[in-house]
Amino acid sequence: MKVVIIDDEMAMHLIMKRMLAKVVGVEVVAIFQETTTAFAYLTDHHADLIFIDISMPKESGLEFAQRLRENGRQMKLVFVTSHKEYALAAFDVYAFDYIVKPVNQERLHHTVQRTLSEMRLEKESAEQKPSSTSSIRVMFNCLGGMEIRTVQNVIVKWKTSKSAELFGYLLMHKGRLVSRARIIEDMFGEMPQKNSEIYLNTTVYQLRKLLDNYGLKGNLYSDSNYYALDFNQIGVDSLSFEEGCKQMAVLDETNIEQALELQELYKGELFGERAFPWAWSEVERISLMYTSFTQRLCSALLIKGDSQTAIRLLMKLAAHNELEEETIKLLMKAMALQKNKDALTERYEQFTGTLHKEFGISPSLEVTTLYSQLLSELDQ
């Protein structure tokens, strides 16, 4: 896998290069301190993955990413930054991932391995003939919960909670081989080594038996040291949602209905209330993707004049994170579009009160200016 690093700090060049050297299958092919030279290089050279800082002189990492997308370049982008507040903006330009400095070796390794897995799946998908949905034997719904359903919509009962967890764990690795030692550490780390080995063997047996009921026994690969799950003939809502978000780079009247259907796939956070520690970064990544996609969808709905649908979706977002500024701004615009001055004022005052109560701060100038502007327009 060919990797490019773009960061204005020379120290980060050294740190990233050393950390990536520890990951098998990675070749750092170019390093840049600014985006102009990097863009020229990427015009004539291939890269599978780009690590780029957001805060850089002249052109930010986000602006650079936007320029790449506008030129039809679809290489995977990972933003590396000291600022968490840029996360949503990163997903607006279809970031593959978002890593907060200081970079952790394990976090970096996870990102690279996920990239390798997706590259392999993309290659296999391109080589295979398109198959009809009738080839799907079971559906795994992991957004908002963890359930398996047959194509006849019958819920399949998990053998044990650990077999469900193993399924989710292997799903997160997207077909990549995972070592027994890694699974034991992540899933059975609180047990003595001997007991954890036995529990893993039992859990694998239970999951394979469940899959065998639907002719999918061979989908769970294992040897003496590694495991992997092949999702051929298994539909997964989170994978469908992520792929749909990537395909709808532009939202307008031509695809709003399709986008609304896609938005409904997100029933809640990955794996629902099962807060697996090994899944935290993936839970956050998909949640940010959902927020970014829904905000773009609501912007398109407001342009269309459908404030009612926009408000419904935005209230759902606000319930998840009542302090997300872009969501609040869109809500205020939607309420102004409905000429509902009372609702607009109530939403702004509620946002202001929560900020003051929780953090002792006032809304940003951008929010207060928008509120004043919308009120003025309604008073005319």
# chains A, B, ... in the order shown; residues from 1 in each chain; ligands from 1

$ select_by_dssp --residues "region 134-322 of chain A" --states "strand (DSSP E or B)" --output "count of residues only"
24

$ closest_atom_pairs --of "region 247-330 of chain A" --to "region 111-121 of chain A" --cutoff "12 Å" --atoms "only C-alpha atoms" --output "JSON lines"
{"residue": "A:Ser281", "atom": "CA", "partner": "A:Thr111", "partner_atom": "CA", "distance": 10.0}
{"residue": "A:Glu282", "atom": "CA", "partner": "A:Thr111", "partner_atom": "CA", "distance": 10.0}
{"residue": "A:Arg285", "atom": "CA", "partner": "A:Thr111", "partner_atom": "CA", "distance": 11.2}

$ atom_distance --atom1 "CA of Phe167 (chain A)" --atom2 "CA of Phe293 (chain A)"
26.8 Å

$ residues_around --residues "Val3 (chain A)" --least-positions-apart "3" --cutoff "12 Å" --atoms "only C-alpha atoms" --output "PDB file with all heavy atoms, in the first residue's frame"
ATOM      1  N   ILE A   6       1.506  14.424   4.501  1.00  0.00           N
ATOM      2  CA  ILE A   6       1.541  15.878   4.279  1.00  0.00           C
ATOM      3  C   ILE A   6       1.383  16.561   5.639  1.00  0.00           C
ATOM      4  O   ILE A   6       0.318  16.474   6.261  1.00  0.00           O
ATOM      5  CB  ILE A   6       0.427  16.335   3.326  1.00  0.00           C
ATOM      6  CG1 ILE A   6       0.437  15.515   2.032  1.00  0.00           C
ATOM      7  CG2 ILE A   6       0.572  17.823   3.014  1.00  0.00           C
ATOM      8  CD1 ILE A   6      -0.753  15.775   1.114  1.00  0.00           C
ATOM      9  N   MET A  16       5.651   9.860  11.982  1.00  0.00           N
ATOM     10  CA  MET A  16       4.766   9.049  11.153  1.00  0.00           C
ATOM     11  C   MET A  16       5.531   7.998  10.366  1.00  0.00           C
ATOM     12  O   MET A  16       5.088   6.845  10.232  1.00  0.00           O
ATOM     13  CB  MET A  16       3.982   9.954  10.200  1.00  0.00           C
ATOM     14  CG  MET A  16       2.964  10.854  10.887  1.00  0.00           C
ATOM     15  SD  MET A  16       1.604   9.920  11.640  1.00  0.00           S
ATOM     16  CE  MET A  16       0.775   9.286  10.186  1.00  0.00           C
ATOM     17  N   LYS A  17       6.694   8.369   9.859  1.00  0.00           N
ATOM     18  CA  LYS A  17       7.483   7.425   9.077  1.00  0.00           C
ATOM     19  C   LYS A  17       7.935   6.252   9.936  1.00  0.00           C
ATOM     20  O   LYS A  17       7.895   5.096   9.514  1.00  0.00           O
ATOM     21  CB  LYS A  17       8.682   8.142   8.460  1.00  0.00           C
ATOM     22  CG  LYS A  17       9.334   7.361   7.334  1.00  0.00           C
ATOM     23  CD  LYS A  17      10.351   8.218   6.585  1.00  0.00           C
ATOM     24  CE  LYS A  17      10.963   7.415   5.431  1.00  0.00           C
ATOM     25  NZ  LYS A  17      11.966   8.221   4.697  1.00  0.00           N
ATOM     26  N   LEU A  20       4.780   4.080  10.802  1.00  0.00           N
ATOM     27  CA  LEU A  20       4.284   3.330   9.649  1.00  0.00           C
ATOM     28  C   LEU A  20       5.249   2.222   9.237  1.00  0.00           C
ATOM     29  O   LEU A  20       4.833   1.202   8.667  1.00  0.00           O
ATOM     30  CB  LEU A  20       4.043   4.284   8.469  1.00  0.00           C
ATOM     31  CG  LEU A  20       2.825   5.210   8.618  1.00  0.00           C
ATOM     32  CD1 LEU A  20       2.861   6.312   7.573  1.00  0.00           C
ATOM     33  CD2 LEU A  20       1.525   4.417   8.515  1.00  0.00           C
ATOM     34  N   ALA A  21       6.530   2.395   9.536  1.00  0.00           N
ATOM     35  CA  ALA A  21       7.530   1.373   9.210  1.00  0.00           C
ATOM     36  C   ALA A  21       7.286   0.086   9.996  1.00  0.00           C
ATOM     37  O   ALA A  21       7.735  -0.991   9.590  1.00  0.00           O
ATOM     38  CB  ALA A  21       8.927   1.909   9.489  1.00  0.00           C
ATOM     39  N   VAL A  23       4.362  -1.216  10.414  1.00  0.00           N
ATOM     40  CA  VAL A  23       3.157  -1.868   9.899  1.00  0.00           C
ATOM     41  C   VAL A  23       3.482  -2.574   8.582  1.00  0.00           C
ATOM     42  O   VAL A  23       3.951  -1.943   7.623  1.00  0.00           O
ATOM     43  CB  VAL A  23       2.026  -0.844   9.669  1.00  0.00           C
ATOM     44  CG1 VAL A  23       0.750  -1.549   9.247  1.00  0.00           C
ATOM     45  CG2 VAL A  23       1.786  -0.023  10.933  1.00  0.00           C
ATOM     46  N   GLY A  25       3.223  -4.117   4.999  1.00  0.00           N
ATOM     47  CA  GLY A  25       2.455  -3.820   3.792  1.00  0.00           C
ATOM     48  C   GLY A  25       2.366  -2.352   3.452  1.00  0.00           C
ATOM     49  O   GLY A  25       1.661  -1.973   2.521  1.00  0.00           O
ATOM     50  N   VAL A  26       3.079  -1.502   4.196  1.00  0.00           N
ATOM     51  CA  VAL A  26       3.013  -0.057   3.968  1.00  0.00           C
ATOM     52  C   VAL A  26       4.318   0.453   3.375  1.00  0.00           C
ATOM     53  O   VAL A  26       5.406   0.119   3.841  1.00  0.00           O
ATOM     54  CB  VAL A  26       2.730   0.694   5.290  1.00  0.00           C
ATOM     55  CG1 VAL A  26       2.879   2.194   5.092  1.00  0.00           C
ATOM     56  CG2 VAL A  26       1.331   0.368   5.785  1.00  0.00           C
ATOM     57  N   GLU A  27       4.203   1.281   2.340  1.00  0.00           N
ATOM     58  CA  GLU A  27       5.363   1.935   1.730  1.00  0.00           C
ATOM     59  C   GLU A  27       5.090   3.440   1.668  1.00  0.00           C
ATOM     60  O   GLU A  27       4.162   3.883   0.997  1.00  0.00           O
ATOM     61  CB  GLU A  27       5.604   1.403   0.311  1.00  0.00           C
ATOM     62  CG  GLU A  27       6.757   2.097  -0.390  1.00  0.00           C
ATOM     63  CD  GLU A  27       6.852   1.754  -1.865  1.00  0.00           C
ATOM     64  OE1 GLU A  27       5.972   1.019  -2.377  1.00  0.00           O
ATOM     65  OE2 GLU A  27       7.807   2.242  -2.508  1.00  0.00           O
ATOM     66  N   VAL A  28       5.879   4.215   2.404  1.00  0.00           N
ATOM     67  CA  VAL A  28       5.763   5.671   2.344  1.00  0.00           C
ATOM     68  C   VAL A  28       6.471   6.137   1.085  1.00  0.00           C
ATOM     69  O   VAL A  28       7.694   6.073   0.986  1.00  0.00           O
ATOM     70  CB  VAL A  28       6.371   6.341   3.591  1.00  0.00           C
ATOM     71  CG1 VAL A  28       6.281   7.864   3.465  1.00  0.00           C
ATOM     72  CG2 VAL A  28       5.657   5.877   4.856  1.00  0.00           C
ATOM     73  N   VAL A  29       5.718   6.612   0.095  1.00  0.00           N
ATOM     74  CA  VAL A  29       6.295   6.939  -1.213  1.00  0.00           C
ATOM     75  C   VAL A  29       6.639   8.418  -1.357  1.00  0.00           C
ATOM     76  O   VAL A  29       7.416   8.799  -2.239  1.00  0.00           O
ATOM     77  CB  VAL A  29       5.335   6.523  -2.351  1.00  0.00           C
ATOM     78  CG1 VAL A  29       5.199   5.004  -2.390  1.00  0.00           C
ATOM     79  CG2 VAL A  29       3.966   7.185  -2.200  1.00  0.00           C
ATOM     80  N   ALA A  30       6.049   9.286  -0.495  1.00  0.00           N
ATOM     81  CA  ALA A  30       6.341  10.717  -0.604  1.00  0.00           C
ATOM     82  C   ALA A  30       5.928  11.425   0.684  1.00  0.00           C
ATOM     83  O   ALA A  30       4.970  11.024   1.343  1.00  0.00           O
ATOM     84  CB  ALA A  30       5.622  11.335  -1.793  1.00  0.00           C
ATOM     85  N   ILE A  31       6.692  12.490   1.024  1.00  0.00           N
ATOM     86  CA  ILE A  31       6.409  13.312   2.200  1.00  0.00           C
ATOM     87  C   ILE A  31       6.497  14.780   1.793  1.00  0.00           C
ATOM     88  O   ILE A  31       7.436  15.181   1.099  1.00  0.00           O
ATOM     89  CB  ILE A  31       7.400  13.024   3.338  1.00  0.00           C
ATOM     90  CG1 ILE A  31       7.327  11.548   3.769  1.00  0.00           C
ATOM     91  CG2 ILE A  31       7.129  13.925   4.539  1.00  0.00           C
ATOM     92  CD1 ILE A  31       8.327  11.166   4.838  1.00  0.00           C
ATOM     93  N   PHE A  32       5.504  15.576   2.222  1.00  0.00           N
ATOM     94  CA  PHE A  32       5.472  16.989   1.833  1.00  0.00           C
ATOM     95  C   PHE A  32       5.191  17.871   3.048  1.00  0.00           C
ATOM     96  O   PHE A  32       4.512  17.444   3.993  1.00  0.00           O
ATOM     97  CB  PHE A  32       4.389  17.234   0.780  1.00  0.00           C
ATOM     98  CG  PHE A  32       4.557  16.412  -0.459  1.00  0.00           C
ATOM     99  CD1 PHE A  32       3.875  15.204  -0.599  1.00  0.00           C
ATOM    100  CD2 PHE A  32       5.400  16.823  -1.483  1.00  0.00           C
ATOM    101  CE1 PHE A  32       4.022  14.431  -1.730  1.00  0.00           C
ATOM    102  CE2 PHE A  32       5.559  16.052  -2.627  1.00  0.00           C
ATOM    103  CZ  PHE A  32       4.875  14.857  -2.761  1.00  0.00           C
ATOM    104  N   LEU A  42       0.432  14.175  -6.762  1.00  0.00           N
ATOM    105  CA  LEU A  42      -0.708  13.256  -6.840  1.00  0.00           C
ATOM    106  C   LEU A  42      -1.417  13.325  -8.193  1.00  0.00           C
ATOM    107  O   LEU A  42      -2.196  12.431  -8.525  1.00  0.00           O
ATOM    108  CB  LEU A  42      -1.696  13.559  -5.714  1.00  0.00           C
ATOM    109  CG  LEU A  42      -1.176  13.232  -4.307  1.00  0.00           C
ATOM    110  CD1 LEU A  42      -2.080  13.836  -3.243  1.00  0.00           C
ATOM    111  CD2 LEU A  42      -1.066  11.721  -4.119  1.00  0.00           C
ATOM    112  N   HIS A  45       0.984  10.655  -9.824  1.00  0.00           N
ATOM    113  CA  HIS A  45       1.368   9.449  -9.090  1.00  0.00           C
ATOM    114  C   HIS A  45       0.175   8.893  -8.307  1.00  0.00           C
ATOM    115  O   HIS A  45      -0.712   9.634  -7.887  1.00  0.00           O
ATOM    116  CB  HIS A  45       2.515   9.747  -8.113  1.00  0.00           C
ATOM    117  CG  HIS A  45       3.779  10.180  -8.787  1.00  0.00           C
ATOM    118  ND1 HIS A  45       3.978  11.479  -9.230  1.00  0.00           N
ATOM    119  CD2 HIS A  45       4.908   9.494  -9.091  1.00  0.00           C
ATOM    120  CE1 HIS A  45       5.177  11.567  -9.775  1.00  0.00           C
ATOM    121  NE2 HIS A  45       5.763  10.386  -9.701  1.00  0.00           N
ATOM    122  N   HIS A  46       0.211   7.591  -8.089  1.00  0.00           N
ATOM    123  CA  HIS A  46      -0.863   6.927  -7.359  1.00  0.00           C
ATOM    124  C   HIS A  46      -0.522   6.846  -5.871  1.00  0.00           C
ATOM    125  O   HIS A  46       0.622   6.621  -5.494  1.00  0.00           O
ATOM    126  CB  HIS A  46      -1.079   5.507  -7.901  1.00  0.00           C
ATOM    127  CG  HIS A  46      -2.010   4.689  -7.058  1.00  0.00           C
ATOM    128  ND1 HIS A  46      -3.371   4.931  -7.016  1.00  0.00           N
ATOM    129  CD2 HIS A  46      -1.768   3.655  -6.195  1.00  0.00           C
ATOM    130  CE1 HIS A  46      -3.929   4.065  -6.180  1.00  0.00           C
ATOM    131  NE2 HIS A  46      -2.987   3.293  -5.675  1.00  0.00           N
ATOM    132  N   ALA A  47      -1.528   7.035  -5.035  1.00  0.00           N
ATOM    133  CA  ALA A  47      -1.384   6.824  -3.598  1.00  0.00           C
ATOM    134  C   ALA A  47      -2.656   6.159  -3.085  1.00  0.00           C
ATOM    135  O   ALA A  47      -3.762   6.521  -3.497  1.00  0.00           O
ATOM    136  CB  ALA A  47      -1.157   8.146  -2.872  1.00  0.00           C
ATOM    137  N   ASP A  48      -2.503   5.164  -2.226  1.00  0.00           N
ATOM    138  CA  ASP A  48      -3.666   4.479  -1.664  1.00  0.00           C
ATOM    139  C   ASP A  48      -4.214   5.201  -0.453  1.00  0.00           C
ATOM    140  O   ASP A  48      -5.419   5.195  -0.196  1.00  0.00           O
ATOM    141  CB  ASP A  48      -3.284   3.045  -1.261  1.00  0.00           C
ATOM    142  CG  ASP A  48      -2.827   2.221  -2.451  1.00  0.00           C
ATOM    143  OD1 ASP A  48      -3.611   2.078  -3.403  1.00  0.00           O
ATOM    144  OD2 ASP A  48      -1.683   1.734  -2.427  1.00  0.00           O
ATOM    145  N   LEU A  49      -3.320   5.842   0.305  1.00  0.00           N
ATOM    146  CA  LEU A  49      -3.725   6.475   1.552  1.00  0.00           C
ATOM    147  C   LEU A  49      -2.881   7.726   1.791  1.00  0.00           C
ATOM    148  O   LEU A  49      -1.662   7.703   1.609  1.00  0.00           O
ATOM    149  CB  LEU A  49      -3.551   5.492   2.717  1.00  0.00           C
ATOM    150  CG  LEU A  49      -4.028   5.923   4.104  1.00  0.00           C
ATOM    151  CD1 LEU A  49      -5.537   6.146   4.108  1.00  0.00           C
ATOM    152  CD2 LEU A  49      -3.669   4.864   5.145  1.00  0.00           C
ATOM    153  N   ILE A  50      -3.551   8.811   2.193  1.00  0.00           N
ATOM    154  CA  ILE A  50      -2.855  10.074   2.467  1.00  0.00           C
ATOM    155  C   ILE A  50      -3.116  10.474   3.919  1.00  0.00           C
ATOM    156  O   ILE A  50      -4.272  10.585   4.342  1.00  0.00           O
ATOM    157  CB  ILE A  50      -3.354  11.201   1.546  1.00  0.00           C
ATOM    158  CG1 ILE A  50      -3.105  10.838   0.078  1.00  0.00           C
ATOM    159  CG2 ILE A  50      -2.658  12.521   1.886  1.00  0.00           C
ATOM    160  CD1 ILE A  50      -3.753  11.799  -0.890  1.00  0.00           C
ATOM    161  N   PHE A  51      -2.043  10.665   4.673  1.00  0.00           N
ATOM    162  CA  PHE A  51      -2.141  11.232   6.012  1.00  0.00           C
ATOM    163  C   PHE A  51      -1.854  12.722   5.895  1.00  0.00           C
ATOM    164  O   PHE A  51      -0.777  13.109   5.434  1.00  0.00           O
ATOM    165  CB  PHE A  51      -1.129  10.580   6.964  1.00  0.00           C
ATOM    166  CG  PHE A  51      -1.466   9.165   7.330  1.00  0.00           C
ATOM    167  CD1 PHE A  51      -0.903   8.098   6.643  1.00  0.00           C
ATOM    168  CD2 PHE A  51      -2.353   8.891   8.368  1.00  0.00           C
ATOM    169  CE1 PHE A  51      -1.206   6.784   6.981  1.00  0.00           C
ATOM    170  CE2 PHE A  51      -2.665   7.581   8.713  1.00  0.00           C
ATOM    171  CZ  PHE A  51      -2.095   6.529   8.015  1.00  0.00           C
ATOM    172  N   ILE A  52      -2.798  13.564   6.304  1.00  0.00           N
ATOM    173  CA  ILE A  52      -2.622  15.005   6.120  1.00  0.00           C
ATOM    174  C   ILE A  52      -3.052  15.775   7.361  1.00  0.00           C
ATOM    175  O   ILE A  52      -4.093  15.485   7.963  1.00  0.00           O
ATOM    176  CB  ILE A  52      -3.394  15.499   4.875  1.00  0.00           C
ATOM    177  CG1 ILE A  52      -3.181  16.999   4.675  1.00  0.00           C
ATOM    178  CG2 ILE A  52      -4.870  15.143   4.949  1.00  0.00           C
ATOM    179  CD1 ILE A  52      -3.656  17.510   3.326  1.00  0.00           C
ATOM    180  N   MET A  75      -8.750   8.956  -3.660  1.00  0.00           N
ATOM    181  CA  MET A  75      -7.873   8.251  -2.729  1.00  0.00           C
ATOM    182  C   MET A  75      -8.311   8.494  -1.288  1.00  0.00           C
ATOM    183  O   MET A  75      -8.932   9.505  -0.971  1.00  0.00           O
ATOM    184  CB  MET A  75      -6.410   8.641  -2.919  1.00  0.00           C
ATOM    185  CG  MET A  75      -6.090  10.100  -2.676  1.00  0.00           C
ATOM    186  SD  MET A  75      -6.335  11.125  -4.141  1.00  0.00           S
ATOM    187  CE  MET A  75      -5.018  10.591  -5.192  1.00  0.00           C
ATOM    188  N   LYS A  76      -7.975   7.554  -0.420  1.00  0.00           N
ATOM    189  CA  LYS A  76      -8.407   7.627   0.971  1.00  0.00           C
ATOM    190  C   LYS A  76      -7.585   8.666   1.741  1.00  0.00           C
ATOM    191  O   LYS A  76      -6.358   8.694   1.646  1.00  0.00           O
ATOM    192  CB  LYS A  76      -8.278   6.249   1.627  1.00  0.00           C
ATOM    193  CG  LYS A  76      -9.246   5.219   1.042  1.00  0.00           C
ATOM    194  CD  LYS A  76      -9.026   3.845   1.638  1.00  0.00           C
ATOM    195  CE  LYS A  76     -10.116   2.869   1.190  1.00  0.00           C
ATOM    196  NZ  LYS A  76     -10.188   2.707  -0.265  1.00  0.00           N
ATOM    197  N   LEU A  77      -8.293   9.503   2.521  1.00  0.00           N
ATOM    198  CA  LEU A  77      -7.665  10.585   3.276  1.00  0.00           C
ATOM    199  C   LEU A  77      -7.857  10.364   4.772  1.00  0.00           C
ATOM    200  O   LEU A  77      -8.975  10.109   5.224  1.00  0.00           O
ATOM    201  CB  LEU A  77      -8.293  11.931   2.906  1.00  0.00           C
ATOM    202  CG  LEU A  77      -8.039  12.459   1.488  1.00  0.00           C
ATOM    203  CD1 LEU A  77      -9.028  13.556   1.174  1.00  0.00           C
ATOM    204  CD2 LEU A  77      -6.624  12.989   1.380  1.00  0.00           C
ATOM    205  N   VAL A  78      -6.761  10.469   5.511  1.00  0.00           N
ATOM    206  CA  VAL A  78      -6.827  10.404   6.968  1.00  0.00           C
ATOM    207  C   VAL A  78      -6.286  11.719   7.512  1.00  0.00           C
ATOM    208  O   VAL A  78      -5.132  12.074   7.254  1.00  0.00           O
ATOM    209  CB  VAL A  78      -5.999   9.229   7.529  1.00  0.00           C
ATOM    210  CG1 VAL A  78      -5.994   9.276   9.053  1.00  0.00           C
ATOM    211  CG2 VAL A  78      -6.555   7.904   7.038  1.00  0.00           C
ATOM    212  N   VAL A 112      -4.600   1.690   9.258  1.00  0.00           N
ATOM    213  CA  VAL A 112      -3.916   1.089   8.110  1.00  0.00           C
ATOM    214  C   VAL A 112      -4.515  -0.275   7.777  1.00  0.00           C
ATOM    215  O   VAL A 112      -4.751  -0.595   6.603  1.00  0.00           O
ATOM    216  CB  VAL A 112      -2.406   0.971   8.382  1.00  0.00           C
ATOM    217  CG1 VAL A 112      -1.730   0.162   7.277  1.00  0.00           C
ATOM    218  CG2 VAL A 112      -1.772   2.349   8.493  1.00  0.00           C
ATOM    219  N   THR A 115      -7.741   0.085   6.048  1.00  0.00           N
ATOM    220  CA  THR A 115      -7.505   0.483   4.657  1.00  0.00           C
ATOM    221  C   THR A 115      -7.178  -0.731   3.804  1.00  0.00           C
ATOM    222  O   THR A 115      -7.732  -0.911   2.710  1.00  0.00           O
ATOM    223  CB  THR A 115      -6.333   1.483   4.573  1.00  0.00           C
ATOM    224  OG1 THR A 115      -6.567   2.566   5.458  1.00  0.00           O
ATOM    225  CG2 THR A 115      -6.187   2.020   3.164  1.00  0.00           C
ATOM    226  N   LEU A 116      -6.278  -1.571   4.296  1.00  0.00           N
ATOM    227  CA  LEU A 116      -5.890  -2.768   3.551  1.00  0.00           C
ATOM    228  C   LEU A 116      -7.091  -3.688   3.327  1.00  0.00           C
ATOM    229  O   LEU A 116      -7.259  -4.257   2.244  1.00  0.00           O
ATOM    230  CB  LEU A 116      -4.778  -3.516   4.297  1.00  0.00           C
ATOM    231  CG  LEU A 116      -3.407  -2.820   4.328  1.00  0.00           C
ATOM    232  CD1 LEU A 116      -2.483  -3.503   5.330  1.00  0.00           C
ATOM    233  CD2 LEU A 116      -2.773  -2.828   2.934  1.00  0.00           C
TER     234      LEU A 116
END

$ residues_around --residues "region 325-340 of chain A" --least-positions-apart "6" --cutoff "8 Å" --atoms "only C-alpha atoms" --output "JSON, numbers by chain"
{"A": [295, 298, 299, 302, 305, 307, 308, 310, 311, 314, 315, 317, 318, 347, 348, 351, 367, 370, 371, 374, 375, 378]}

$ closest_atom_pairs --of "region 227-335 of chain A" --to "region 149-154 of chain A" --cutoff "12 Å" --atoms "only C-alpha atoms" --output "tab-separated table"
residue	atom	partner	partner_atom	distance
A:Gln233	CA	A:Val151	CA	10.7
A:Ile234	CA	A:Thr150	CA	9.8
A:Gly235	CA	A:Val151	CA	9.7
A:Val236	CA	A:Arg149	CA	10.6
A:Asp237	CA	A:Arg149	CA	11.5

$ write_last_selection --atoms "N, CA, C and O atoms" --output "mmCIF file, in the first residue's frame"
data_model
loop_
_atom_site.group_PDB
_atom_site.id
_atom_site.type_symbol
_atom_site.label_atom_id
_atom_site.label_comp_id
_atom_site.auth_asym_id
_atom_site.auth_seq_id
_atom_site.Cartn_x
_atom_site.Cartn_y
_atom_site.Cartn_z
ATOM 1 N N GLN A 233 -22.780 -13.043 0.941
ATOM 2 C CA GLN A 233 -24.125 -13.536 1.243
ATOM 3 C C GLN A 233 -24.632 -13.094 2.620
ATOM 4 O O GLN A 233 -25.630 -13.596 3.110
ATOM 5 N N ILE A 234 -23.918 -12.151 3.246
ATOM 6 C CA ILE A 234 -24.372 -11.563 4.511
ATOM 7 C C ILE A 234 -24.525 -10.054 4.299
ATOM 8 O O ILE A 234 -23.556 -9.372 3.976
ATOM 9 N N GLY A 235 -25.745 -9.550 4.432
ATOM 10 C CA GLY A 235 -25.956 -8.120 4.310
ATOM 11 C C GLY A 235 -25.682 -7.433 5.636
ATOM 12 O O GLY A 235 -26.065 -7.948 6.687
ATOM 13 N N VAL A 236 -25.016 -6.293 5.604
ATOM 14 C CA VAL A 236 -24.664 -5.570 6.835
ATOM 15 C C VAL A 236 -25.103 -4.118 6.686
ATOM 16 O O VAL A 236 -24.662 -3.422 5.767
ATOM 17 N N ASP A 237 -25.958 -3.644 7.598
ATOM 18 C CA ASP A 237 -26.488 -2.288 7.468
ATOM 19 C C ASP A 237 -25.409 -1.215 7.572
ATOM 20 O O ASP A 237 -25.439 -0.220 6.845
#

$ select_by_dssp --residues "region 38-168 of chain A" --states "alpha helix (DSSP H)" --output "ChimeraX atom specification"
/A:38-44,61-70,87-92,105-127,161-168

$ residues_around --residues "Val250 (chain A)" --least-positions-apart "3" --cutoff "10 Å" --atoms "only C-alpha atoms" --output "PyMOL selection string"
chain A and resi 245-247+254-256+296-297+300

$ write_last_selection --atoms "N, CA, C and O atoms" --output "PDB file, in the first residue's frame"
ATOM      1  N   CYS A 245     -23.090   6.654   1.780  1.00  0.00           N
ATOM      2  CA  CYS A 245     -22.585   8.004   2.069  1.00  0.00           C
ATOM      3  C   CYS A 245     -21.467   8.378   1.098  1.00  0.00           C
ATOM      4  O   CYS A 245     -21.390   9.520   0.633  1.00  0.00           O
ATOM      5  N   LYS A 246     -20.620   7.429   0.791  1.00  0.00           N
ATOM      6  CA  LYS A 246     -19.505   7.692  -0.119  1.00  0.00           C
ATOM      7  C   LYS A 246     -20.012   7.964  -1.537  1.00  0.00           C
ATOM      8  O   LYS A 246     -19.473   8.805  -2.255  1.00  0.00           O
ATOM      9  N   GLN A 247     -21.051   7.240  -1.938  1.00  0.00           N
ATOM     10  CA  GLN A 247     -21.558   7.370  -3.304  1.00  0.00           C
ATOM     11  C   GLN A 247     -22.311   8.681  -3.519  1.00  0.00           C
ATOM     12  O   GLN A 247     -22.358   9.202  -4.632  1.00  0.00           O
ATOM     13  N   THR A 254     -32.177  15.531  -7.183  1.00  0.00           N
ATOM     14  CA  THR A 254     -32.147  14.283  -7.950  1.00  0.00           C
ATOM     15  C   THR A 254     -31.983  13.048  -7.072  1.00  0.00           C
ATOM     16  O   THR A 254     -32.353  11.948  -7.475  1.00  0.00           O
ATOM     17  N   ASN A 255     -31.407  13.214  -5.878  1.00  0.00           N
ATOM     18  CA  ASN A 255     -31.157  12.030  -5.049  1.00  0.00           C
ATOM     19  C   ASN A 255     -31.602  12.196  -3.593  1.00  0.00           C
ATOM     20  O   ASN A 255     -31.209  11.406  -2.733  1.00  0.00           O
ATOM     21  N   ILE A 256     -32.438  13.212  -3.315  1.00  0.00           N
ATOM     22  CA  ILE A 256     -32.884  13.428  -1.939  1.00  0.00           C
ATOM     23  C   ILE A 256     -33.678  12.230  -1.414  1.00  0.00           C
ATOM     24  O   ILE A 256     -33.487  11.800  -0.264  1.00  0.00           O
ATOM     25  N   ARG A 296     -25.768  17.533   5.670  1.00  0.00           N
ATOM     26  CA  ARG A 296     -25.773  17.847   4.233  1.00  0.00           C
ATOM     27  C   ARG A 296     -27.145  17.589   3.633  1.00  0.00           C
ATOM     28  O   ARG A 296     -27.626  18.349   2.786  1.00  0.00           O
ATOM     29  N   LEU A 297     -27.779  16.512   4.065  1.00  0.00           N
ATOM     30  CA  LEU A 297     -29.122  16.187   3.580  1.00  0.00           C
ATOM     31  C   LEU A 297     -30.116  17.273   3.985  1.00  0.00           C
ATOM     32  O   LEU A 297     -30.945  17.707   3.170  1.00  0.00           O
ATOM     33  N   ALA A 300     -29.837  20.332   1.869  1.00  0.00           N
ATOM     34  CA  ALA A 300     -30.499  20.122   0.578  1.00  0.00           C
ATOM     35  C   ALA A 300     -32.020  20.215   0.720  1.00  0.00           C
ATOM     36  O   ALA A 300     -32.710  20.763  -0.145  1.00  0.00           O
TER      37      ALA A 300
END

$ closest_atom_pairs --of "region 250-316 of chain A" --to "region 143-146 of chain A" --cutoff "6 Å" --atoms "only C-alpha atoms" --output "CSV"
residue,atom,partner,partner_atom,distance
A:Tyr266,CA,A:Leu143,CA,5.7
A:Lys267,CA,A:Gly144,CA,4.9
A:Gly268,CA,A:Gly144,CA,3.7
A:Glu269,CA,A:Gly144,CA,5.1
A:Leu270,CA,A:Leu143,CA,4.6
A:Phe271,CA,A:Gly145,CA,4.6
A:Gly272,CA,A:Gly144,CA,3.9

$ write_last_selection --atoms "N, CA and C atoms" --output "compact mmCIF listing (two decimals), in the first residue's frame"
# COMPACT_ATOMS: atom_id res chain seq x y z
N TYR A 266 -29.59 4.32 9.65
CA TYR A 266 -28.89 4.59 10.91
C TYR A 266 -29.92 4.62 12.05
N LYS A 267 -30.06 3.49 12.74
CA LYS A 267 -31.01 3.38 13.85
C LYS A 267 -30.40 3.79 15.18
N GLY A 268 -29.11 4.01 15.20
CA GLY A 268 -28.42 4.37 16.43
C GLY A 268 -26.94 4.02 16.28
N GLU A 269 -26.19 4.20 17.36
CA GLU A 269 -24.75 3.96 17.30
C GLU A 269 -24.41 2.51 17.02
N LEU A 270 -23.24 2.30 16.46
CA LEU A 270 -22.78 0.95 16.14
C LEU A 270 -22.85 0.05 17.37
N PHE A 271 -23.51 -1.09 17.22
CA PHE A 271 -23.71 -2.11 18.27
C PHE A 271 -24.62 -1.63 19.40
N GLY A 272 -25.30 -0.51 19.20
CA GLY A 272 -26.30 -0.06 20.17
C GLY A 272 -25.73 0.16 21.56
